[in-house]
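Asks: I am sharing model_3.cif, which consists of mmCIF, N, CA and C atoms:
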```
data_entry
loop_
_atom_site.label_atom_id
_atom_site.label_comp_id
_atom_site.auth_asym_id
_atom_site.auth_seq_id
_atom_site.Cartn_x
_atom_site.Cartn_y
_atom_site.Cartn_z
N MET A 12 106.65 20.65 -156.35
CA MET A 12 106.59 19.83 -157.54
C MET A 12 105.15 19.73 -158.06
N VAL A 13 104.20 19.49 -157.16
CA VAL A 13 102.80 19.38 -157.56
C VAL A 13 102.31 20.70 -158.15
N ARG A 14 102.75 21.81 -157.55
CA ARG A 14 102.35 23.12 -158.05
C ARG A 14 102.79 23.31 -159.50
N GLN A 15 104.01 22.86 -159.84
CA GLN A 15 104.52 22.99 -161.20
C GLN A 15 103.70 22.16 -162.18
N ILE A 16 103.19 21.04 -161.73
CA ILE A 16 102.37 20.20 -162.60
C ILE A 16 101.00 20.83 -162.79
N LEU A 17 100.42 21.32 -161.70
CA LEU A 17 99.09 21.91 -161.77
C LEU A 17 99.10 23.29 -162.43
N HIS A 18 100.21 24.01 -162.29
CA HIS A 18 100.31 25.37 -162.84
C HIS A 18 101.63 25.51 -163.62
N PRO A 19 101.70 24.88 -164.79
CA PRO A 19 102.95 24.97 -165.56
C PRO A 19 103.22 26.41 -166.01
N LYS A 20 104.49 26.69 -166.23
CA LYS A 20 104.88 28.02 -166.70
C LYS A 20 104.28 28.28 -168.08
N SER A 21 103.92 29.53 -168.31
CA SER A 21 103.44 29.94 -169.64
C SER A 21 104.63 29.97 -170.59
N ARG A 22 104.34 30.06 -171.87
CA ARG A 22 105.41 30.13 -172.87
C ARG A 22 106.31 31.34 -172.61
N ILE A 23 105.73 32.48 -172.32
CA ILE A 23 106.52 33.69 -172.08
C ILE A 23 107.40 33.53 -170.84
N GLU A 24 106.88 32.87 -169.81
CA GLU A 24 107.70 32.62 -168.61
C GLU A 24 108.87 31.70 -168.94
N LYS A 25 108.63 30.66 -169.74
CA LYS A 25 109.71 29.74 -170.14
C LYS A 25 110.77 30.48 -170.96
N LEU A 26 110.32 31.42 -171.78
CA LEU A 26 111.25 32.17 -172.63
C LEU A 26 111.96 33.27 -171.85
N GLY A 27 111.44 33.63 -170.68
CA GLY A 27 112.11 34.58 -169.81
C GLY A 27 111.92 36.04 -170.15
N VAL A 28 110.98 36.37 -171.02
CA VAL A 28 110.77 37.77 -171.41
C VAL A 28 110.24 38.55 -170.21
N LYS A 29 110.86 39.68 -169.95
CA LYS A 29 110.52 40.51 -168.78
C LYS A 29 109.60 41.67 -169.18
N PRO A 30 108.76 42.12 -168.25
CA PRO A 30 107.91 43.28 -168.53
C PRO A 30 108.74 44.49 -168.97
N GLY A 31 108.26 45.19 -169.97
CA GLY A 31 108.93 46.39 -170.45
C GLY A 31 110.13 46.13 -171.35
N ALA A 32 110.42 44.87 -171.66
CA ALA A 32 111.57 44.54 -172.51
C ALA A 32 111.38 45.05 -173.94
N ARG A 33 112.49 45.31 -174.60
CA ARG A 33 112.47 45.67 -176.02
C ARG A 33 112.63 44.37 -176.82
N VAL A 34 111.61 44.04 -177.62
CA VAL A 34 111.57 42.76 -178.32
C VAL A 34 111.53 42.99 -179.83
N SER A 35 112.33 42.21 -180.55
CA SER A 35 112.33 42.25 -182.01
C SER A 35 111.98 40.87 -182.53
N LEU A 36 111.07 40.82 -183.51
CA LEU A 36 110.66 39.57 -184.13
C LEU A 36 111.07 39.57 -185.60
N LEU A 37 111.79 38.53 -186.01
CA LEU A 37 112.20 38.38 -187.40
C LEU A 37 111.62 37.07 -187.93
N GLY A 38 110.80 37.15 -188.95
CA GLY A 38 110.17 35.96 -189.50
C GLY A 38 108.70 35.90 -189.12
N ASN A 39 108.08 34.77 -189.42
CA ASN A 39 106.65 34.61 -189.18
C ASN A 39 106.37 33.95 -187.83
N PHE A 40 105.63 34.66 -187.01
CA PHE A 40 105.22 34.15 -185.70
C PHE A 40 103.70 34.23 -185.60
N ASP A 41 103.11 33.35 -184.81
CA ASP A 41 101.66 33.33 -184.68
C ASP A 41 101.17 34.55 -183.90
N ALA A 42 99.90 34.89 -184.15
CA ALA A 42 99.30 36.05 -183.51
C ALA A 42 99.26 35.89 -181.99
N GLU A 43 99.19 34.65 -181.52
CA GLU A 43 99.16 34.39 -180.08
C GLU A 43 100.43 34.90 -179.39
N LEU A 44 101.59 34.72 -180.03
CA LEU A 44 102.84 35.22 -179.45
C LEU A 44 102.80 36.75 -179.36
N LEU A 45 102.30 37.39 -180.40
CA LEU A 45 102.21 38.86 -180.39
C LEU A 45 101.30 39.32 -179.25
N THR A 46 100.22 38.60 -179.00
CA THR A 46 99.32 38.94 -177.90
C THR A 46 100.02 38.75 -176.56
N GLU A 47 100.73 37.63 -176.41
CA GLU A 47 101.45 37.36 -175.16
C GLU A 47 102.50 38.45 -174.90
N LEU A 48 103.25 38.80 -175.92
CA LEU A 48 104.27 39.85 -175.76
C LEU A 48 103.63 41.20 -175.48
N GLY A 49 102.52 41.49 -176.16
CA GLY A 49 101.82 42.75 -175.96
C GLY A 49 101.31 42.93 -174.54
N GLY A 50 101.09 41.82 -173.82
CA GLY A 50 100.68 41.90 -172.43
C GLY A 50 101.82 42.27 -171.50
N LEU A 51 103.05 42.17 -172.00
CA LEU A 51 104.24 42.46 -171.17
C LEU A 51 104.92 43.77 -171.52
N THR A 52 104.90 44.10 -172.80
CA THR A 52 105.67 45.26 -173.25
C THR A 52 105.01 45.94 -174.44
N LYS A 53 105.23 47.22 -174.55
CA LYS A 53 104.71 47.96 -175.70
C LYS A 53 105.79 48.09 -176.78
N SER A 54 107.00 47.63 -176.47
CA SER A 54 108.12 47.77 -177.40
C SER A 54 108.37 46.44 -178.14
N VAL A 55 107.51 46.17 -179.15
CA VAL A 55 107.66 44.98 -179.97
C VAL A 55 107.78 45.42 -181.43
N SER A 56 108.87 45.03 -182.05
CA SER A 56 109.13 45.38 -183.45
C SER A 56 109.05 44.10 -184.29
N THR A 57 108.41 44.17 -185.43
CA THR A 57 108.37 43.02 -186.33
C THR A 57 109.10 43.37 -187.62
N GLY A 58 109.88 42.42 -188.11
CA GLY A 58 110.55 42.59 -189.39
C GLY A 58 111.93 43.22 -189.34
N LYS A 59 112.31 43.80 -188.21
CA LYS A 59 113.66 44.38 -188.09
C LYS A 59 114.08 44.38 -186.62
N ILE A 60 115.38 44.45 -186.41
CA ILE A 60 115.90 44.48 -185.05
C ILE A 60 116.00 45.92 -184.60
N VAL A 61 115.33 46.22 -183.50
CA VAL A 61 115.36 47.56 -182.92
C VAL A 61 116.66 47.70 -182.14
N ALA A 62 117.26 48.87 -182.18
CA ALA A 62 118.48 49.14 -181.42
C ALA A 62 118.23 48.83 -179.94
N ASP A 63 119.23 48.26 -179.30
CA ASP A 63 119.15 47.91 -177.88
C ASP A 63 118.05 46.89 -177.57
N SER A 64 117.78 45.99 -178.51
CA SER A 64 116.79 44.93 -178.24
C SER A 64 117.29 44.05 -177.10
N ASP A 65 116.38 43.74 -176.17
CA ASP A 65 116.69 42.83 -175.08
C ASP A 65 116.48 41.38 -175.52
N TRP A 66 115.45 41.17 -176.34
CA TRP A 66 115.06 39.85 -176.79
C TRP A 66 114.84 39.88 -178.30
N ILE A 67 115.46 38.96 -178.99
CA ILE A 67 115.28 38.84 -180.44
C ILE A 67 114.77 37.43 -180.70
N PHE A 68 113.65 37.34 -181.42
CA PHE A 68 113.11 36.05 -181.83
C PHE A 68 113.29 35.93 -183.34
N PHE A 69 113.90 34.85 -183.76
CA PHE A 69 114.19 34.62 -185.18
C PHE A 69 113.56 33.29 -185.59
N ALA A 70 112.63 33.33 -186.55
CA ALA A 70 111.97 32.13 -187.04
C ALA A 70 112.77 31.57 -188.21
N ALA A 71 113.27 30.36 -188.05
CA ALA A 71 114.06 29.69 -189.10
C ALA A 71 113.29 28.46 -189.56
N ASP A 72 112.87 28.45 -190.81
CA ASP A 72 112.11 27.32 -191.34
C ASP A 72 112.98 26.35 -192.12
N SER A 73 114.21 26.78 -192.48
CA SER A 73 115.11 25.91 -193.24
C SER A 73 116.56 26.26 -192.89
N LYS A 74 117.48 25.39 -193.30
CA LYS A 74 118.91 25.65 -193.06
C LYS A 74 119.34 26.97 -193.68
N GLY A 75 118.81 27.28 -194.84
CA GLY A 75 119.16 28.53 -195.53
C GLY A 75 118.84 29.76 -194.71
N ASP A 76 117.76 29.70 -193.92
CA ASP A 76 117.39 30.83 -193.07
C ASP A 76 118.46 31.12 -192.02
N LEU A 77 119.21 30.09 -191.63
CA LEU A 77 120.20 30.24 -190.57
C LEU A 77 121.38 31.12 -190.98
N ASP A 78 121.52 31.39 -192.27
CA ASP A 78 122.60 32.27 -192.74
C ASP A 78 122.48 33.68 -192.15
N GLY A 79 121.28 34.07 -191.74
CA GLY A 79 121.06 35.40 -191.19
C GLY A 79 121.52 35.58 -189.76
N ILE A 80 121.91 34.50 -189.10
CA ILE A 80 122.26 34.59 -187.68
C ILE A 80 123.51 35.43 -187.44
N SER A 81 124.47 35.35 -188.34
CA SER A 81 125.70 36.12 -188.18
C SER A 81 125.41 37.62 -188.12
N LYS A 82 124.54 38.09 -189.00
CA LYS A 82 124.18 39.51 -189.01
C LYS A 82 123.43 39.88 -187.73
N ILE A 83 122.55 39.00 -187.28
CA ILE A 83 121.81 39.26 -186.04
C ILE A 83 122.76 39.35 -184.86
N SER A 84 123.73 38.43 -184.79
CA SER A 84 124.66 38.42 -183.65
C SER A 84 125.47 39.71 -183.57
N LYS A 85 125.75 40.31 -184.70
CA LYS A 85 126.51 41.58 -184.72
C LYS A 85 125.70 42.73 -184.14
N SER A 86 124.38 42.62 -184.17
CA SER A 86 123.54 43.70 -183.64
C SER A 86 123.28 43.53 -182.14
N MET A 87 123.64 42.38 -181.59
CA MET A 87 123.38 42.11 -180.16
C MET A 87 124.38 42.85 -179.28
N GLN A 88 123.87 43.35 -178.15
CA GLN A 88 124.72 44.05 -177.20
C GLN A 88 124.42 43.57 -175.79
N GLY A 89 125.44 43.57 -174.94
CA GLY A 89 125.26 43.23 -173.53
C GLY A 89 124.63 41.86 -173.33
N ALA A 90 123.59 41.83 -172.52
CA ALA A 90 122.93 40.58 -172.16
C ALA A 90 121.75 40.25 -173.08
N ALA A 91 121.75 40.79 -174.29
CA ALA A 91 120.67 40.51 -175.23
C ALA A 91 120.55 39.01 -175.47
N VAL A 92 119.33 38.58 -175.73
CA VAL A 92 119.03 37.17 -175.94
C VAL A 92 118.49 36.97 -177.35
N LEU A 93 118.97 35.91 -178.00
CA LEU A 93 118.44 35.51 -179.31
C LEU A 93 117.79 34.14 -179.16
N TRP A 94 116.50 34.07 -179.44
CA TRP A 94 115.80 32.78 -179.49
C TRP A 94 115.63 32.42 -180.97
N ILE A 95 116.17 31.28 -181.36
CA ILE A 95 115.97 30.79 -182.72
C ILE A 95 114.88 29.73 -182.64
N VAL A 96 113.78 29.99 -183.34
CA VAL A 96 112.61 29.11 -183.32
C VAL A 96 112.57 28.34 -184.63
N TYR A 97 112.49 27.02 -184.53
CA TYR A 97 112.53 26.18 -185.74
C TYR A 97 111.58 24.99 -185.58
N PRO A 98 111.15 24.38 -186.70
CA PRO A 98 110.20 23.27 -186.64
C PRO A 98 110.79 22.04 -185.97
N LYS A 99 109.95 21.36 -185.19
CA LYS A 99 110.36 20.12 -184.51
C LYS A 99 110.37 18.96 -185.50
N GLY A 100 111.30 18.03 -185.27
CA GLY A 100 111.29 16.75 -185.96
C GLY A 100 111.39 16.81 -187.47
N GLN A 101 112.11 17.79 -188.00
CA GLN A 101 112.26 17.91 -189.45
C GLN A 101 113.67 17.52 -189.87
N LYS A 102 113.81 16.98 -191.06
CA LYS A 102 115.14 16.62 -191.56
C LYS A 102 115.82 17.80 -192.24
N HIS A 103 115.02 18.74 -192.77
CA HIS A 103 115.60 19.88 -193.50
C HIS A 103 116.16 20.96 -192.57
N ILE A 104 115.86 20.89 -191.28
CA ILE A 104 116.47 21.78 -190.28
C ILE A 104 116.39 21.06 -188.94
N THR A 105 117.56 20.83 -188.34
CA THR A 105 117.62 20.07 -187.10
C THR A 105 118.22 20.92 -185.98
N GLU A 106 118.13 20.41 -184.76
CA GLU A 106 118.73 21.09 -183.63
C GLU A 106 120.23 21.29 -183.86
N ASN A 107 120.89 20.27 -184.41
CA ASN A 107 122.33 20.39 -184.68
C ASN A 107 122.62 21.49 -185.69
N ASP A 108 121.76 21.68 -186.68
CA ASP A 108 121.93 22.77 -187.65
C ASP A 108 121.87 24.12 -186.95
N VAL A 109 120.88 24.26 -186.07
CA VAL A 109 120.69 25.53 -185.36
C VAL A 109 121.85 25.79 -184.41
N LEU A 110 122.25 24.76 -183.66
CA LEU A 110 123.39 24.91 -182.74
C LEU A 110 124.65 25.31 -183.50
N ALA A 111 124.92 24.65 -184.61
CA ALA A 111 126.13 24.94 -185.40
C ALA A 111 126.11 26.37 -185.92
N ALA A 112 124.97 26.83 -186.40
CA ALA A 112 124.87 28.19 -186.95
C ALA A 112 125.07 29.24 -185.85
N GLY A 113 124.47 29.02 -184.69
CA GLY A 113 124.63 29.96 -183.58
C GLY A 113 126.07 30.03 -183.11
N ARG A 114 126.69 28.87 -182.97
CA ARG A 114 128.09 28.83 -182.52
C ARG A 114 129.01 29.45 -183.56
N LYS A 115 128.75 29.21 -184.84
CA LYS A 115 129.57 29.79 -185.91
C LYS A 115 129.49 31.32 -185.88
N ALA A 116 128.34 31.85 -185.44
CA ALA A 116 128.15 33.30 -185.33
C ALA A 116 128.76 33.86 -184.04
N GLY A 117 129.41 32.99 -183.26
CA GLY A 117 130.08 33.45 -182.04
C GLY A 117 129.20 33.52 -180.82
N LEU A 118 128.04 32.85 -180.87
CA LEU A 118 127.11 32.88 -179.75
C LEU A 118 127.22 31.62 -178.90
N LYS A 119 126.72 31.72 -177.68
CA LYS A 119 126.73 30.61 -176.73
C LYS A 119 125.29 30.12 -176.55
N ASP A 120 125.06 28.82 -176.76
CA ASP A 120 123.73 28.27 -176.54
C ASP A 120 123.57 27.95 -175.06
N VAL A 121 122.42 28.34 -174.49
CA VAL A 121 122.24 28.19 -173.05
C VAL A 121 120.94 27.50 -172.63
N LYS A 122 119.98 27.34 -173.54
CA LYS A 122 118.70 26.76 -173.13
C LYS A 122 117.91 26.32 -174.35
N VAL A 123 117.06 25.31 -174.16
CA VAL A 123 116.12 24.88 -175.19
C VAL A 123 114.75 24.75 -174.55
N VAL A 124 113.70 25.19 -175.24
CA VAL A 124 112.34 25.04 -174.74
C VAL A 124 111.42 24.61 -175.88
N GLY A 125 110.33 23.95 -175.48
CA GLY A 125 109.27 23.66 -176.44
C GLY A 125 108.50 24.95 -176.67
N PHE A 126 108.61 25.51 -177.86
CA PHE A 126 107.99 26.80 -178.16
C PHE A 126 106.49 26.63 -178.41
N SER A 127 106.14 25.54 -179.09
CA SER A 127 104.74 25.24 -179.42
C SER A 127 104.67 23.74 -179.73
N PRO A 128 103.49 23.23 -180.01
CA PRO A 128 103.42 21.81 -180.36
C PRO A 128 104.24 21.46 -181.61
N THR A 129 104.51 22.43 -182.46
CA THR A 129 105.21 22.17 -183.72
C THR A 129 106.62 22.74 -183.80
N HIS A 130 107.00 23.59 -182.83
CA HIS A 130 108.29 24.28 -182.89
C HIS A 130 109.07 24.20 -181.58
N THR A 131 110.38 24.24 -181.72
CA THR A 131 111.32 24.28 -180.60
C THR A 131 112.07 25.61 -180.68
N ALA A 132 112.57 26.09 -179.55
CA ALA A 132 113.35 27.32 -179.53
C ALA A 132 114.66 27.08 -178.78
N LEU A 133 115.75 27.55 -179.37
CA LEU A 133 117.07 27.50 -178.74
C LEU A 133 117.49 28.92 -178.37
N LYS A 134 117.97 29.09 -177.14
CA LYS A 134 118.38 30.40 -176.64
C LYS A 134 119.88 30.56 -176.78
N PHE A 135 120.28 31.70 -177.36
CA PHE A 135 121.68 32.04 -177.53
C PHE A 135 121.95 33.40 -176.90
N VAL A 136 123.16 33.57 -176.36
CA VAL A 136 123.61 34.84 -175.81
C VAL A 136 125.03 35.10 -176.27
N LEU A 137 125.47 36.33 -176.09
CA LEU A 137 126.87 36.65 -176.35
C LEU A 137 127.72 36.03 -175.24
N PRO A 138 128.88 35.51 -175.57
CA PRO A 138 129.77 35.02 -174.49
C PRO A 138 130.12 36.19 -173.57
N VAL A 139 130.34 35.92 -172.29
CA VAL A 139 130.63 36.96 -171.30
C VAL A 139 131.79 37.83 -171.77
N SER A 140 132.78 37.26 -172.43
CA SER A 140 133.95 38.02 -172.88
C SER A 140 133.60 39.08 -173.93
N ARG A 141 132.42 38.99 -174.58
CA ARG A 141 132.02 39.96 -175.60
C ARG A 141 130.98 40.94 -175.13
N ARG A 142 130.61 40.87 -173.85
CA ARG A 142 129.56 41.78 -173.35
C ARG A 142 130.13 43.09 -172.90
#
```
Could you take the file, read its structure, and then write that structure out as structure tokens?

Replies:
Amino acid sequence: MVRQILHPKSRIEKLGVKPGARVSLLGNFDAELLTELGGLTKSVSTGKIVADSDWIFFAADSKGDLDGISKISKSMQGAAVLWIVYPKGQKHITENDVLAAGRKAGLKDVKVVGFSPTHTALKFVLPVSRR
């Protein structure tokens, strides 16, 4: 327990990204995330989903952005992970909005993490029956 307090997990460890993973980023992410990912893998795509992506990060700044989740879910295969990153404590996009959009797209929500001081991330996967 003391070790966890003295040495908390890094953001990438909390998100579970593995070395050599194929990562796709959709939306605006800070340069720090790109640096963190670049330390783990050379396969990082921005602006589009690469075939066979292991990890997809989607930045949603408003409810309207969530309309894109259905299309993203159709591109997911196997154990692919979708992290939806959205602003904390906002009325124009809430955790319930993100959960509803992911579930409507046929995904299963499995984890939530503090992505940054200003953003939260919700993890979605394909249900086992669709893998």

Asks: With 10 Å as the cut-off and only C-alpha atoms counted, what is the closest atom pair between each nearby residue of segment 55-107 of chain A and segment 17-28 of chain A? Distances in Å to one decimal, ordered by chain and number, as a Markdown table.

Replies:
```
| residue | atom | partner | partner_atom | distance |
| --- | --- | --- | --- | --- |
| A:Asp65 | CA | A:Val28 | CA | 8.6 |
| A:Trp66 | CA | A:Val28 | CA | 7.2 |
| A:Val92 | CA | A:Val28 | CA | 9.4 |
| A:Trp94 | CA | A:Leu26 | CA | 8.3 |
```

Asks: Need to verify the contact set: Leu110 of chain A, 12 Å, only C-alpha atoms, exclusion of same-chain residues closer than 3 positions in sequence. Can you return it as a ChimeraX atom specification?

Replies: /A:74,77,80,94-97,104-107,113-123,132-135

Asks: Which of segment 18-126 of chain A counts as strand (DSSP E or B) under DSSP, as a list in words please?

Replies: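 Of segment 18-126 of chain A, only Val34, Ser35, Leu36, Leu37, Val55, Ser56, Thr57, Trp66, Ile67, Phe68, Phe69, Ala70, Val92, Leu93, Trp94, Ile95, Val96, Tyr97, Pro98, Lys119, Asp120, Val121, Lys122, Val123, Val124 and Gly125 of chain A fall in strand (DSSP E or B).
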
Asks: In Å, with one decimal, what is the gap from atom C of Ser84 of chain A to atom C of Pro128 of chain A?

Replies: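 Between atom C of Ser84 of chain A and atom C of Pro128 of chain A the gap works out to 28.1 Å.
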
Asks: Expanded to explicit residues, what is the PyMOL selection byres (((chain A and resi 98 and name CA) around 8) and name CA) for this file, as a ChimeraX atom specification?

Replies: /A:71-72,96-97,99-101,104,129-131

Asks: In Å to one decimal, how far is atom C of Pro138 of chain A from atom N of Asp41 of chain A?

Replies: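 Computing it gives 29.4 Å between the two atoms.
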
Asks: Selecting C-alpha atoms, how would segment 42-120 of chain A from this structure be written as a short mmCIF file (atom, residue, chain, number, x, y, z; two decimals), in the first residue's frame?

Replies:
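Writing done, so here's decode11.cif:
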```
data_model
loop_
_atom_site.label_atom_id
_atom_site.label_comp_id
_atom_site.auth_asym_id
_atom_site.auth_seq_id
_atom_site.Cartn_x
_atom_site.Cartn_y
_atom_site.Cartn_z
CA ALA A 42 1.82 16.47 -26.76
CA GLU A 43 2.66 14.77 -23.45
CA LEU A 44 0.39 11.81 -24.32
CA LEU A 45 2.10 11.47 -27.71
CA THR A 46 5.48 11.40 -25.94
CA GLU A 47 4.26 8.80 -23.42
CA LEU A 48 2.89 6.59 -26.20
CA GLY A 49 6.02 7.08 -28.31
CA GLY A 50 8.05 5.60 -25.45
CA LEU A 51 6.03 2.37 -25.72
CA THR A 52 5.25 1.91 -29.38
CA LYS A 53 6.15 3.18 -32.82
CA SER A 54 2.65 2.42 -34.12
CA VAL A 55 0.68 5.58 -33.24
CA SER A 56 -1.78 7.00 -35.75
CA THR A 57 -3.46 10.39 -35.36
CA GLY A 58 -6.68 11.41 -37.06
CA LYS A 59 -7.78 7.96 -38.24
CA ILE A 60 -8.21 4.43 -36.94
CA VAL A 61 -5.51 2.08 -38.15
CA ALA A 62 -6.63 -1.45 -39.05
CA ASP A 63 -6.19 -3.87 -36.15
CA SER A 64 -5.80 -1.08 -33.59
CA ASP A 65 -5.30 -2.44 -30.07
CA TRP A 66 -6.06 0.88 -28.38
CA ILE A 67 -8.24 3.71 -29.66
CA PHE A 68 -8.36 7.05 -27.86
CA PHE A 69 -11.27 9.31 -28.75
CA ALA A 70 -11.42 12.91 -27.45
CA ALA A 71 -15.02 14.05 -26.95
CA ASP A 72 -15.49 17.69 -26.00
CA SER A 73 -19.29 17.78 -26.38
CA LYS A 74 -22.32 15.49 -26.62
CA GLY A 75 -22.30 15.98 -30.40
CA ASP A 76 -18.84 14.42 -30.61
CA LEU A 77 -20.26 11.21 -29.14
CA ASP A 78 -22.17 10.53 -32.37
CA GLY A 79 -18.91 9.16 -33.81
CA ILE A 80 -18.72 6.27 -31.34
CA SER A 81 -20.97 3.99 -33.38
CA LYS A 82 -18.63 4.20 -36.37
CA ILE A 83 -15.60 3.61 -34.13
CA SER A 84 -17.19 0.54 -32.53
CA LYS A 85 -17.72 -1.02 -35.97
CA SER A 86 -13.97 -0.82 -36.64
CA MET A 87 -13.07 -2.57 -33.36
CA GLN A 88 -11.99 -6.20 -33.46
CA GLY A 89 -11.22 -8.80 -30.80
CA ALA A 90 -9.96 -7.37 -27.53
CA ALA A 91 -9.52 -3.82 -28.88
CA VAL A 92 -10.01 -1.06 -26.32
CA LEU A 93 -11.72 2.30 -26.79
CA TRP A 94 -10.92 5.04 -24.29
CA ILE A 95 -13.32 7.99 -24.52
CA VAL A 96 -11.66 11.05 -22.99
CA TYR A 97 -13.93 13.92 -21.97
CA PRO A 98 -13.77 17.06 -19.78
CA LYS A 99 -14.37 16.67 -16.04
CA GLY A 100 -17.21 18.43 -14.27
CA GLN A 101 -18.96 19.86 -17.32
CA LYS A 102 -22.70 20.13 -17.89
CA HIS A 103 -22.46 19.98 -21.70
CA ILE A 104 -20.92 16.47 -21.55
CA THR A 105 -21.23 14.19 -18.54
CA GLU A 106 -20.17 10.68 -17.57
CA ASN A 107 -23.77 9.55 -18.13
CA ASP A 108 -23.67 10.97 -21.68
CA VAL A 109 -20.49 9.04 -22.45
CA LEU A 110 -21.77 5.82 -20.86
CA ALA A 111 -25.06 6.05 -22.80
CA ALA A 112 -23.29 6.65 -26.12
CA GLY A 113 -20.88 3.74 -25.62
CA ARG A 114 -23.66 1.36 -24.62
CA LYS A 115 -25.85 2.51 -27.54
CA ALA A 116 -22.93 1.60 -29.84
CA GLY A 117 -22.98 -1.93 -28.39
CA LEU A 118 -19.91 -1.56 -26.19
CA LYS A 119 -19.33 -2.59 -22.58
CA ASP A 120 -17.91 -0.04 -20.13
#
```
